[in-house]
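J.: Sharing a structure with you now.
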Amino acid sequence: MNTATIKTKIDTAQPTSVELAEKESVYSTRQLNLWYGNNHALKNIDLEIGENEVTAIIGPSGCGKSTYLKTLNRMVELVPSVKTSGAIHYRGRNIFDSSYGVEELRTRVGMVFQKPNPFPKSIYDNIAYGPRIHGIKNKKILDEIVEKSLRGAAIWDEVKDRLNENAYGISGGQQQRICIARTLAIEPDVILMDEPTSALDPISTLKIEELVQQLKEQYSIIIVTHNMQQAARITDKTAFFLNGEVIEYDRTDTIFSNPADKRTEDYISGRFG
Ligand SMILES: Nc1ncnc2c1ncn2[C@@H]1O[C@H](COP(=O)(O)OP(=O)(O)OP(=O)(O)O)[C@@H](O)[C@H]1O
């Protein structure tokens, strides 16, 4: 293919989701539709989520970002009115298959929420909670998991001398890193983050952003964010959602420098949303 042909292709065609997935896909979402009662909240979503990448989900309020995220670990099913069609393959298996164990899925896919939500327990017990549920009782092994998880969430040095203190007694930014450590303690494959820094101050936000950059070496991360600078700074791919549809999905630098769709450009430049 000569350069003119390549240029024409770049200029005229958005890459398909499959073309974008040069790394192995962790998730392949195919023609996903979701309804809350009569509200058609997700429409024909096709997305490939790459391994060891950070993928941003952006879009105005109510466009379906959190719904999509909660579909990936089937948390959305907790809402009784929800109906879905289509498929989401996680590591090659459709998570909607009746034989798919939701507990198994949720051990592979951790989630961090907008507001830090530590348990009203000690820092140590917050981290040891998941491993204990999975049957680990040996104190030495639990100690190792707690230290490794807190180190992984870049908060070990700040809390190593106060592991027995209640997790409510530390700052919001520290609590959010405790929640990330709690997620790491169950050794997930994927981490879903729903606006993880929206309740945090700029310094705590920066710490979480740096942490996300480190974590992608080992985990695949999908992050919903309203913060365009954050999406541009720390993510590899970006999906722009509008009214339940994926309008554009591409490398983050392309989305922010040369979006293919006028609606993407209008959104990222702050014209709506
Ligand atoms: N539990 C629910 N029951 C009924 N409808 C819901 C529920 N959660 C979300 N919805 C509806 O689904 C649509 C998508 O909502 P969702 O929360 O996924 O959007 P969002 O893009 O994450 O919004 P925001 O940026 O404000 O968090 C909206 O119309 C919303 O009202």
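So you can find residues: chains in the structure tokens are A, B, ... in the order shown, residues in each start at 1, and ligands are numbered from 1 in order.
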If we count only C-alpha atoms, what is near Thr235 of chain A at a cut-off of 10 Å, once residues fewer than 6 positions away on the same chain are taken out, given as JSON, numbers by chain?

T.: {"A": [53, 54, 55, 56, 57, 209, 212, 213, 216, 221, 222, 223, 251, 252, 253]}

J.: Go through chain A residue by residue and, counting only C-alpha atoms and all ligand atoms, keep those with an atom at most 6 Å from ligand 1; for each kept residue give the shortest atom pair and its distance in Å to one decimal, ordered by chain and increasing number, as a tab-separated table.

T.:
residue	atom	partner	partner_atom_place_in_ligand_line	distance
A:Tyr36	CA	ligand 1	4 (C)	5.0
A:Ala41	CA	ligand 1	13 (C)	4.8
A:Pro60	CA	ligand 1	25 (O)	5.8
A:Ser61	CA	ligand 1	25 (O)	3.5
A:Gly62	CA	ligand 1	19 (O)	3.4
A:Cys63	CA	ligand 1	21 (O)	3.9
A:Gly64	CA	ligand 1	18 (O)	3.3
A:Lys65	CA	ligand 1	21 (O)	3.9
A:Ser66	CA	ligand 1	22 (O)	3.6
A:Thr67	CA	ligand 1	18 (O)	3.6
A:Val79	CA	ligand 1	1 (N)	5.6

J.: Residues of segment 214-241 of chain A that approach segment 145-169 of chain A to 12 Å or less, counting only C-alpha atoms: could you list each one with the shortest pair of atoms and its distance in Å to one decimal, rows by chain and increasing residue number, as a tab-separated table?

T.:
residue	atom	partner	partner_atom	distance
A:Gln214	CA	A:Gly152	CA	8.7
A:Leu215	CA	A:Gly152	CA	7.7
A:Lys216	CA	A:Gly152	CA	11.3
A:Glu217	CA	A:Gly152	CA	11.3
A:Gln218	CA	A:Gly152	CA	10.2
A:Tyr219	CA	A:Gly152	CA	11.3

J.: Store the residues picked out above in a file with C-alpha atoms, as a PDB file, in the first residue's frame.

T.:
ATOM      1  CA  GLN A 214       1.844   1.883  36.841  1.00  0.00           C
ATOM      2  CA  LEU A 215      -1.009  -0.589  37.223  1.00  0.00           C
ATOM      3  CA  LYS A 216      -1.512  -1.001  33.498  1.00  0.00           C
ATOM      4  CA  GLU A 217       1.777  -2.928  33.355  1.00  0.00           C
ATOM      5  CA  GLN A 218      -0.097  -5.736  35.087  1.00  0.00           C
ATOM      6  CA  TYR A 219      -3.793  -5.047  34.666  1.00  0.00           C
TER       7      TYR A 219
END

J.: Find, counting only C-alpha atoms, the residue in A:Ile191, A:Ala231, A:Val224, A:Met75 that gets nearest to Arg108 of chain A.

T.: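 Selected residue with least distance to Arg108 of chain A: A:Ile191.
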
J.: Per DSSP on the backbone, filter segment 25-270 of chain A down to the residues in strand (DSSP E or B) and report them as JSON, numbers by chain.

T.: {"A": [25, 26, 27, 28, 29, 30, 31, 32, 33, 34, 35, 36, 39, 40, 41, 42, 43, 44, 45, 46, 47, 48, 49, 50, 54, 55, 56, 57, 58, 82, 83, 84, 85, 86, 87, 88, 89, 90, 93, 94, 109, 110, 111, 112, 122, 166, 190, 191, 192, 193, 194, 220, 221, 222, 223, 224, 237, 238, 239, 240, 241, 242, 245, 246, 247, 248, 249, 250, 251]}
